[in-house]
>>> print(open('protein.txt').read())   # compact mmCIF, C-alpha atoms
# COMPACT_ATOMS: atom_id res chain seq x y z
CA MET A 1 0.00 0.00 0.00
CA LYS A 2 1.34 3.38 -0.96
CA SER A 3 1.38 5.69 2.06
CA ARG A 4 0.27 9.30 1.92
CA LYS A 5 2.80 12.08 1.76
CA LEU A 6 3.38 13.68 5.16
CA TYR A 7 4.15 17.39 5.32
CA ASN A 8 6.07 18.75 8.28
CA ARG A 9 7.60 21.79 9.95
CA ILE A 10 10.87 20.15 11.00
CA ALA A 11 13.10 22.54 9.00
CA VAL A 12 11.42 25.65 10.46
CA LEU A 13 11.48 24.31 14.01
CA ARG A 14 15.10 23.22 13.70
CA LEU A 15 16.18 26.64 12.39
CA GLU A 16 14.14 28.35 15.11
CA ARG A 17 16.13 26.42 17.69
CA GLY A 18 19.39 27.15 15.89
CA ILE A 19 20.61 23.60 15.57
CA SER A 20 22.18 21.85 12.59
CA ARG A 21 20.83 18.77 10.84
CA LYS A 22 23.68 16.79 12.35
CA GLU A 23 22.79 17.90 15.91
CA LEU A 24 19.11 17.12 15.42
CA ALA A 25 20.03 13.75 13.90
CA GLU A 26 22.09 12.86 16.98
CA ILE A 27 19.26 13.88 19.31
CA ILE A 28 16.58 11.85 17.53
CA GLY A 29 18.93 8.95 16.75
CA VAL A 30 19.11 8.92 12.96
CA ASN A 31 21.68 9.63 10.26
CA PHE A 32 21.92 13.36 9.37
CA GLN A 33 20.89 12.61 5.79
CA THR A 34 17.62 11.19 7.12
CA VAL A 35 16.87 14.61 8.64
CA GLY A 36 17.27 16.09 5.14
CA TYR A 37 14.88 13.52 3.68
CA LEU A 38 12.39 14.24 6.50
CA GLU A 39 12.61 18.01 6.00
CA ARG A 40 11.96 17.71 2.27
CA SER A 41 9.00 15.36 3.01
CA GLU A 42 10.72 12.66 0.96
CA TYR A 43 10.49 10.17 3.79
CA ASN A 44 7.60 9.46 6.16
CA PRO A 45 8.86 8.74 9.67
CA SER A 46 7.66 5.82 11.77
CA LEU A 47 5.36 6.63 14.69
CA ASP A 48 8.28 6.09 17.07
CA LEU A 49 10.49 8.59 15.20
CA ALA A 50 7.62 11.08 14.92
CA PHE A 51 7.19 10.88 18.71
CA ARG A 52 10.92 11.38 19.27
CA ILE A 53 10.79 14.50 17.07
CA SER A 54 7.71 15.87 18.81
CA GLU A 55 9.22 15.19 22.25
CA TYR A 56 12.39 17.05 21.30
CA PHE A 57 10.50 20.09 19.99
CA GLY A 58 8.00 19.92 22.86
CA LEU A 59 5.06 20.11 20.48
CA PRO A 60 2.17 17.75 19.71
CA ILE A 61 2.66 15.55 16.64
CA GLU A 62 -0.15 17.30 14.76
CA ALA A 63 1.69 20.63 15.14
CA ILE A 64 4.69 19.16 13.32
CA PHE A 65 3.20 16.68 10.84
CA SER A 66 0.17 16.90 8.58
CA THR A 67 -1.26 15.04 5.60
CA SER A 68 -2.01 18.35 3.87
CA PRO A 69 0.45 21.16 3.07
CA MET A 70 1.09 23.20 6.22
CA LYS A 71 0.54 26.92 6.55
CA PRO A 72 3.59 29.00 7.56
CA LEU A 73 3.85 29.25 11.36
CA SER A 74 3.69 33.07 11.17
CA GLU A 75 0.34 32.84 9.38
CA VAL A 76 -1.02 30.39 12.00
CA VAL A 77 0.14 32.62 14.89
CA PHE A 78 -1.14 35.80 13.22
CA SER A 79 -4.59 34.37 12.47
CA SER A 80 -4.94 33.04 16.07
CA ASP A 81 -3.95 36.52 17.42
CA GLU A 82 -6.60 38.09 15.21
CA LYS A 83 -9.25 35.68 16.54
CA GLU A 84 -8.31 36.53 20.13
CA GLY A 85 -8.53 40.27 19.30
CA ASP A 86 -12.13 39.82 18.01
CA MET B 1 36.83 9.61 4.09
CA GLU B 2 33.35 9.52 2.58
CA MET B 3 32.78 11.74 -0.44
CA ARG B 4 29.57 13.59 -1.35
CA THR B 5 28.77 13.26 -5.03
CA SER B 6 25.90 14.37 -7.23
CA ILE B 7 23.42 11.79 -8.45
CA MET B 8 24.50 12.41 -12.07
CA ASN B 9 28.16 11.67 -11.24
CA ARG B 10 27.14 8.55 -9.36
CA ARG B 11 24.99 7.34 -12.27
CA LEU B 12 27.86 8.00 -14.65
CA GLY B 13 30.18 6.05 -12.34
CA VAL B 14 27.78 3.08 -12.22
CA GLY B 15 27.53 3.14 -16.04
CA ILE B 16 31.31 3.27 -16.45
CA ASN B 17 31.78 0.48 -13.89
CA TYR B 18 29.44 -1.99 -15.62
CA ALA B 19 30.45 -0.92 -19.15
CA GLY B 20 34.06 -1.60 -18.12
CA LEU B 21 33.06 -4.99 -16.78
CA ALA B 22 31.16 -5.89 -19.97
CA LEU B 23 34.06 -4.74 -22.20
CA MET B 24 36.49 -6.70 -20.04
CA LEU B 25 34.39 -9.86 -20.57
CA ILE B 26 34.24 -9.29 -24.34
CA LEU B 27 38.00 -8.75 -24.52
CA TRP B 28 38.57 -11.83 -22.37
CA ASN B 29 36.50 -13.87 -24.82
CA ILE B 30 38.67 -12.53 -27.67
CA VAL B 31 41.84 -13.37 -25.70
CA VAL B 32 40.64 -16.94 -25.15
CA ASN B 33 39.20 -17.60 -28.60
CA VAL B 34 41.35 -15.66 -31.03
CA GLN B 35 44.91 -16.91 -31.47
CA PRO B 36 47.62 -15.65 -31.68
CA LEU B 37 47.19 -13.33 -28.74
CA ARG B 38 47.15 -9.68 -29.77
CA PRO B 39 49.03 -7.49 -27.25
CA TYR B 40 46.60 -4.56 -27.71
CA VAL B 41 43.65 -6.81 -26.78
CA LEU B 42 45.45 -7.84 -23.59
CA ALA B 43 46.33 -4.19 -22.88
CA GLY B 44 42.68 -3.25 -23.43
CA MET B 45 41.59 -5.92 -20.98
CA ILE B 46 44.02 -4.70 -18.32
CA ALA B 47 42.80 -1.13 -18.93
CA MET B 48 39.19 -2.28 -18.42
CA ILE B 49 40.15 -4.01 -15.15
CA LEU B 50 41.63 -0.69 -13.98
CA VAL B 51 38.46 1.17 -15.07
CA VAL B 52 36.32 -1.29 -13.07
CA VAL B 53 38.56 -1.03 -9.97
CA ILE B 54 38.80 2.79 -10.03
CA SER B 55 35.08 3.33 -10.68
CA PHE B 56 34.27 0.79 -7.94
CA ILE B 57 36.39 2.77 -5.46
CA LEU B 58 34.77 6.09 -6.47
CA VAL B 59 31.14 4.94 -6.68
CA HIS B 60 30.93 2.32 -3.94
CA LEU B 61 33.70 2.88 -1.41
CA LYS B 62 34.22 6.67 -1.38
CA THR B 63 30.50 7.40 -1.17
CA GLY B 64 29.99 5.03 1.78
CA LEU B 65 27.25 3.10 -0.10
CA TRP B 66 29.17 -0.17 0.08
CA LYS B 67 29.49 0.28 3.85
CA MET B 68 25.78 1.08 4.19
CA ILE B 69 24.69 -2.06 2.33
CA HIS B 70 27.08 -4.26 4.33
CA MET B 71 26.38 -2.70 7.73
CA LYS B 72 24.56 -4.59 10.49
CA SER B 73 20.87 -3.68 10.46
CA GLU B 74 21.01 -2.39 14.06
CA ASP B 75 23.57 0.23 12.96
CA LEU B 76 21.22 1.68 10.33
CA ASP B 77 18.35 4.06 11.00
CA GLU B 78 14.81 3.28 9.82
CA ARG B 79 15.13 5.13 6.48
CA GLU B 80 18.48 3.53 5.70
CA LEU B 81 17.05 0.11 6.54
CA GLN B 82 14.13 0.76 4.23
CA VAL B 83 16.28 1.89 1.27
CA ALA B 84 18.80 -0.92 1.82
CA HIS B 85 15.95 -3.43 1.85
CA GLU B 86 14.50 -1.96 -1.37
CA ALA B 87 17.92 -1.99 -3.05
CA LEU B 88 18.48 -5.63 -2.09
CA ARG B 89 15.00 -6.56 -3.33
CA HIS B 90 15.54 -4.87 -6.71
CA SER B 91 19.06 -6.23 -7.11
CA TYR B 92 17.81 -9.78 -6.52
CA ALA B 93 15.40 -9.39 -9.45
CA TRP B 94 17.95 -7.63 -11.70
CA PHE B 95 20.64 -10.20 -10.94
CA THR B 96 18.32 -13.07 -11.88
CA VAL B 97 17.37 -11.45 -15.19
CA ILE B 98 20.98 -10.50 -16.07
CA THR B 99 22.34 -13.95 -15.15
CA LEU B 100 19.67 -15.77 -17.15
CA GLY B 101 20.32 -13.42 -20.09
CA LEU B 102 24.07 -14.06 -19.94
CA VAL B 103 23.61 -17.82 -19.69
CA LEU B 104 21.30 -17.71 -22.73
CA VAL B 105 23.80 -15.62 -24.70
CA ASN B 106 26.57 -18.05 -23.76
CA ILE B 107 24.51 -21.07 -24.81
CA LEU B 108 23.79 -19.44 -28.19
CA ALA B 109 27.43 -18.37 -28.56
CA ALA B 110 28.60 -21.89 -27.70
CA GLU B 111 26.37 -23.24 -30.50
CA ALA B 112 28.29 -20.98 -32.86
CA GLY B 113 31.56 -22.25 -31.39
CA PHE B 114 32.28 -19.05 -29.51
CA GLY B 115 31.93 -18.29 -25.83
CA TYR B 116 31.38 -20.50 -22.81
CA ILE B 117 30.81 -20.12 -19.08
CA ASP B 118 34.26 -19.83 -17.58
CA SER B 119 35.72 -18.69 -14.26
CA VAL B 120 36.06 -15.03 -15.42
CA LEU B 121 32.33 -14.88 -16.21
CA VAL B 122 31.50 -16.50 -12.86
CA VAL B 123 33.75 -14.03 -10.99
CA SER B 124 32.12 -11.15 -12.91
CA LEU B 125 28.67 -12.40 -11.92
CA ILE B 126 29.73 -12.65 -8.26
CA TYR B 127 31.06 -9.08 -8.52
CA LEU B 128 27.74 -8.02 -10.07
CA ALA B 129 25.74 -9.73 -7.32
CA HIS B 130 27.82 -7.99 -4.68
CA THR B 131 27.76 -4.51 -6.22
CA LEU B 132 24.19 -4.34 -7.55
CA PRO B 133 22.55 -3.23 -4.26
CA SER B 134 24.92 -0.30 -3.75
CA SER B 135 24.74 0.52 -7.49
CA ILE B 136 20.96 0.78 -7.15
CA LEU B 137 21.43 3.12 -4.19
CA ALA B 138 23.98 5.16 -6.15
CA TRP B 139 21.49 5.40 -9.00
CA THR B 140 18.39 6.27 -6.97
CA GLN B 141 19.43 8.12 -3.82
CA ARG B 142 19.39 11.89 -4.03
CA GLU B 143 21.70 12.33 -1.05
CA VAL B 144 24.39 9.88 0.09
>>> encode(input="protein.txt", output="structure tokens")
Amino acid sequence: MKSRKLYNRIAVLRLERGISRKELAEIIGVNFQTVGYLERSEYNPSLDLAFRISEYFGLPIEAIFSTSPMKPLSEVVFSSDEKEGD
Amino acid sequence: MEMRTSIMNRRLGVGINYAGLALMLILWNIVVNVQPLRPYVLAGMIAMILVVVISFILVHLKTGLWKMIHMKSEDLDERELQVAHEALRHSYAWFTVITLGLVLVNILAAEAGFGYIDSVLVVSLIYLAHTLPSSILAWTQREV
């Protein structure tokens, strides 16, 4: 069965925390090239790896991974601020 | 030290490696079947052996693909395990087709009094079996 493409925010979150692919790879226990494949959505992680990533970033899995293209974080934050203002 | 290469260079390397191997086999057949031995044919065969060895070092050893395919599964991460498994699966199928094709060609050539299954062909097939998985990785993987 062909699995669906998973979109993610790993690259943005990694840059936000100022760590390299190599550092993130060591933390989550994969090869640094695998981080590149994950960031480009060319590889769907296992549930275990997805949990390791979400635990490191301290975010729920659905904030990092999605089956549909993800909105930029700035847009998500801005639209939630607008809703609170209303 | 492992070397980072572009996919185009790796594909070119794989092509050169197997083309060198095929040419070496053809020249070997000429060496065995055509007497007297022509020095330039022998020189060509030695040159092809060098091409195979050098391209093997550049494509398989320097890129770390050989190491990846021969590593213990517990030393690979889940993506590497997946791609190694896929490469082994594809190489199994390719090796079967190529070997059957070569055997057929040799049977037909033997009918014409030319070509037979000898130790050089067997060694080449063992080399092919051993390098096919990492060649498939070299051909398909964007980043190695």
>>> closest_residue(input="protein.txt", among="B:Arg10, B:Arg79, B:His130, B:His60", to="chain A", atoms="only C-alpha atoms")
B:Arg79
>>> closest_atom_pairs(input="protein.txt", of="chain B", to="chain A", cutoff="8 Å", atoms="all atoms listed in the file", output="Markdown table")
| residue | atom | partner | partner_atom | distance |
| --- | --- | --- | --- | --- |
| B:Leu76 | CA | A:Asn31 | CA | 8.0 |
| B:Asp77 | CA | A:Val30 | CA | 5.3 |
| B:Glu78 | CA | A:Val30 | CA | 7.8 |
| B:Arg79 | CA | A:Thr34 | CA | 6.6 |
| B:Glu80 | CA | A:Thr34 | CA | 7.8 |
| B:Glu143 | CA | A:Gln33 | CA | 6.9 |
| B:Val144 | CA | A:Gln33 | CA | 7.2 |
>>> write_last_selection(input="protein.txt", atoms="C-alpha atoms", output="short mmCIF file (atom, residue, chain, number, x, y, z; two decimals), in the frame of the given file")
data_model
loop_
_atom_site.label_atom_id
_atom_site.label_comp_id
_atom_site.auth_asym_id
_atom_site.auth_seq_id
_atom_site.Cartn_x
_atom_site.Cartn_y
_atom_site.Cartn_z
CA LEU B 76 21.22 1.68 10.33
CA ASP B 77 18.35 4.06 11.00
CA GLU B 78 14.81 3.28 9.82
CA ARG B 79 15.13 5.13 6.48
CA GLU B 80 18.48 3.53 5.70
CA GLU B 143 21.70 12.33 -1.05
CA VAL B 144 24.39 9.88 0.09
#
>>> residues_near_point(input="protein.txt", point="(27.6, 3.0, 2.6)", cutoff="10 Å", atoms="only C-alpha atoms", output="number ranges by chain")
B: 2, 60-71, 80, 84, 134, 137-138, 144
>>> residues_around(input="protein.txt", residues="Arg4 of chain A", least_positions_apart="5", cutoff="12 Å", atoms="only C-alpha atoms", output="PDB file with C-alpha atoms, in the frame of the given file")
ATOM      1  CA  SER A  41       9.000  15.360   3.010  1.00  0.00           C
ATOM      2  CA  GLU A  42      10.720  12.660   0.960  1.00  0.00           C
ATOM      3  CA  TYR A  43      10.490  10.170   3.790  1.00  0.00           C
ATOM      4  CA  ASN A  44       7.600   9.460   6.160  1.00  0.00           C
ATOM      5  CA  PRO A  45       8.860   8.740   9.670  1.00  0.00           C
ATOM      6  CA  PHE A  65       3.200  16.680  10.840  1.00  0.00           C
ATOM      7  CA  SER A  66       0.170  16.900   8.580  1.00  0.00           C
ATOM      8  CA  THR A  67      -1.260  15.040   5.600  1.00  0.00           C
ATOM      9  CA  SER A  68      -2.010  18.350   3.870  1.00  0.00           C
ATOM     10  CA  PRO A  69       0.450  21.160   3.070  1.00  0.00           C
TER      11      PRO A  69
END
>>> atom_distance(input="protein.txt", atom1="atom CA of Glu75 of chain A", atom2="atom CA of Ile10 of chain A")
16.6 Å
>>> closest_residue(input="protein.txt", among="A:Ile53, A:Ala63, A:Leu13, A:Leu6", to="Ile28 of chain A", atoms="all atoms listed in the file")
A:Ile53
>>> atom_distance(input="protein.txt", atom1="atom CA of Ala47 of chain B", atom2="atom CA of Asn17 of chain B")
12.2 Å
>>> axis_aligned_box(input="protein.txt", around="segment 30-41 of chain A", padding_each_side="3 Å", output="AutoDock Vina command-line options")
--center_x 15.5 --center_y 13.5 --center_z 7.6 --size_x 18.9 --size_y 15.1 --size_z 16.7
>>> closest_residue(input="protein.txt", among="A:Arg52, A:Ser3, A:Glu82, A:Ile27", to="Ile64 of chain A", atoms="all atoms listed in the file")
A:Arg52
>>> build_atoms(input="protein.txt", residues="segment 30-65 of chain A", atoms="N, CA and C atoms", output="CSV table (one decimal), in the frame of the given file")
chain,number,residue,atom,x,y,z
A,30,VAL,N,19.1,9.4,14.4
A,30,VAL,CA,19.1,8.9,13.0
A,30,VAL,C,20.3,9.5,12.3
A,31,ASN,N,20.6,9.1,11.1
A,31,ASN,CA,21.7,9.6,10.3
A,31,ASN,C,21.3,11.1,9.8
A,32,PHE,N,22.3,12.0,9.7
A,32,PHE,CA,21.9,13.4,9.4
A,32,PHE,C,21.2,13.5,8.0
A,33,GLN,N,21.6,12.6,7.1
A,33,GLN,CA,20.9,12.6,5.8
A,33,GLN,C,19.4,12.3,5.9
A,34,THR,N,19.0,11.5,6.9
A,34,THR,CA,17.6,11.2,7.1
A,34,THR,C,16.9,12.5,7.5
A,35,VAL,N,17.5,13.3,8.3
A,35,VAL,CA,16.9,14.6,8.6
A,35,VAL,C,16.6,15.4,7.4
A,36,GLY,N,17.5,15.4,6.4
A,36,GLY,CA,17.3,16.1,5.1
A,36,GLY,C,16.1,15.5,4.4
A,37,TYR,N,16.0,14.2,4.4
A,37,TYR,CA,14.9,13.5,3.7
A,37,TYR,C,13.6,13.9,4.4
A,38,LEU,N,13.6,13.9,5.7
A,38,LEU,CA,12.4,14.2,6.5
A,38,LEU,C,12.0,15.7,6.2
A,39,GLU,N,12.9,16.6,6.2
A,39,GLU,CA,12.6,18.0,6.0
A,39,GLU,C,12.0,18.3,4.6
A,40,ARG,N,12.5,17.5,3.6
A,40,ARG,CA,12.0,17.7,2.3
A,40,ARG,C,10.7,16.9,2.0
A,41,SER,N,10.2,16.2,3.1
A,41,SER,CA,9.0,15.4,3.0
A,41,SER,C,9.2,14.2,2.0
A,42,GLU,N,10.4,13.8,1.9
A,42,GLU,CA,10.7,12.7,1.0
A,42,GLU,C,10.7,11.3,1.7
A,43,TYR,N,10.6,11.4,3.0
A,43,TYR,CA,10.5,10.2,3.8
A,43,TYR,C,9.5,10.4,4.9
A,44,ASN,N,8.6,9.4,5.1
A,44,ASN,CA,7.6,9.5,6.2
A,44,ASN,C,8.2,8.7,7.4
A,45,PRO,N,8.3,9.4,8.5
A,45,PRO,CA,8.9,8.7,9.7
A,45,PRO,C,7.9,7.7,10.3
A,46,SER,N,8.5,6.8,11.0
A,46,SER,CA,7.7,5.8,11.8
A,46,SER,C,7.0,6.6,12.9
A,47,LEU,N,6.0,6.0,13.6
A,47,LEU,CA,5.4,6.6,14.7
A,47,LEU,C,6.4,6.9,15.8
A,48,ASP,N,7.3,5.9,16.0
A,48,ASP,CA,8.3,6.1,17.1
A,48,ASP,C,9.2,7.3,16.8
A,49,LEU,N,9.6,7.5,15.5
A,49,LEU,CA,10.5,8.6,15.2
A,49,LEU,C,9.7,9.9,15.3
A,50,ALA,N,8.5,9.9,14.8
A,50,ALA,CA,7.6,11.1,14.9
A,50,ALA,C,7.5,11.5,16.4
A,51,PHE,N,7.3,10.6,17.3
A,51,PHE,CA,7.2,10.9,18.7
A,51,PHE,C,8.5,11.5,19.3
A,52,ARG,N,9.6,10.9,18.8
A,52,ARG,CA,10.9,11.4,19.3
A,52,ARG,C,11.1,12.8,18.8
A,53,ILE,N,10.7,13.1,17.6
A,53,ILE,CA,10.8,14.5,17.1
A,53,ILE,C,9.9,15.4,17.9
A,54,SER,N,8.7,15.0,18.1
A,54,SER,CA,7.7,15.9,18.8
A,54,SER,C,8.1,16.1,20.3
A,55,GLU,N,8.7,15.0,20.9
A,55,GLU,CA,9.2,15.2,22.2
A,55,GLU,C,10.4,16.2,22.3
A,56,TYR,N,11.3,16.1,21.3
A,56,TYR,CA,12.4,17.0,21.3
A,56,TYR,C,11.9,18.5,21.1
A,57,PHE,N,11.0,18.7,20.2
A,57,PHE,CA,10.5,20.1,20.0
A,57,PHE,C,9.5,20.5,21.0
A,58,GLY,N,9.0,19.6,21.8
A,58,GLY,CA,8.0,19.9,22.9
A,58,GLY,C,6.7,20.3,22.3
A,59,LEU,N,6.3,19.8,21.2
A,59,LEU,CA,5.1,20.1,20.5
A,59,LEU,C,4.3,18.8,20.2
A,60,PRO,N,2.9,18.9,20.1
A,60,PRO,CA,2.2,17.8,19.7
A,60,PRO,C,2.5,17.3,18.3
A,61,ILE,N,2.3,16.1,18.0
A,61,ILE,CA,2.7,15.6,16.6
A,61,ILE,C,1.9,16.3,15.5
A,62,GLU,N,0.6,16.6,15.8
A,62,GLU,CA,-0.2,17.3,14.8
A,62,GLU,C,0.3,18.7,14.5
A,63,ALA,N,1.1,19.3,15.4
A,63,ALA,CA,1.7,20.6,15.1
A,63,ALA,C,2.9,20.5,14.2
A,64,ILE,N,3.5,19.3,14.1
A,64,ILE,CA,4.7,19.2,13.3
A,64,ILE,C,4.4,18.5,12.0
A,65,PHE,N,3.5,17.5,12.0
A,65,PHE,CA,3.2,16.7,10.8
A,65,PHE,C,1.7,16.9,10.4
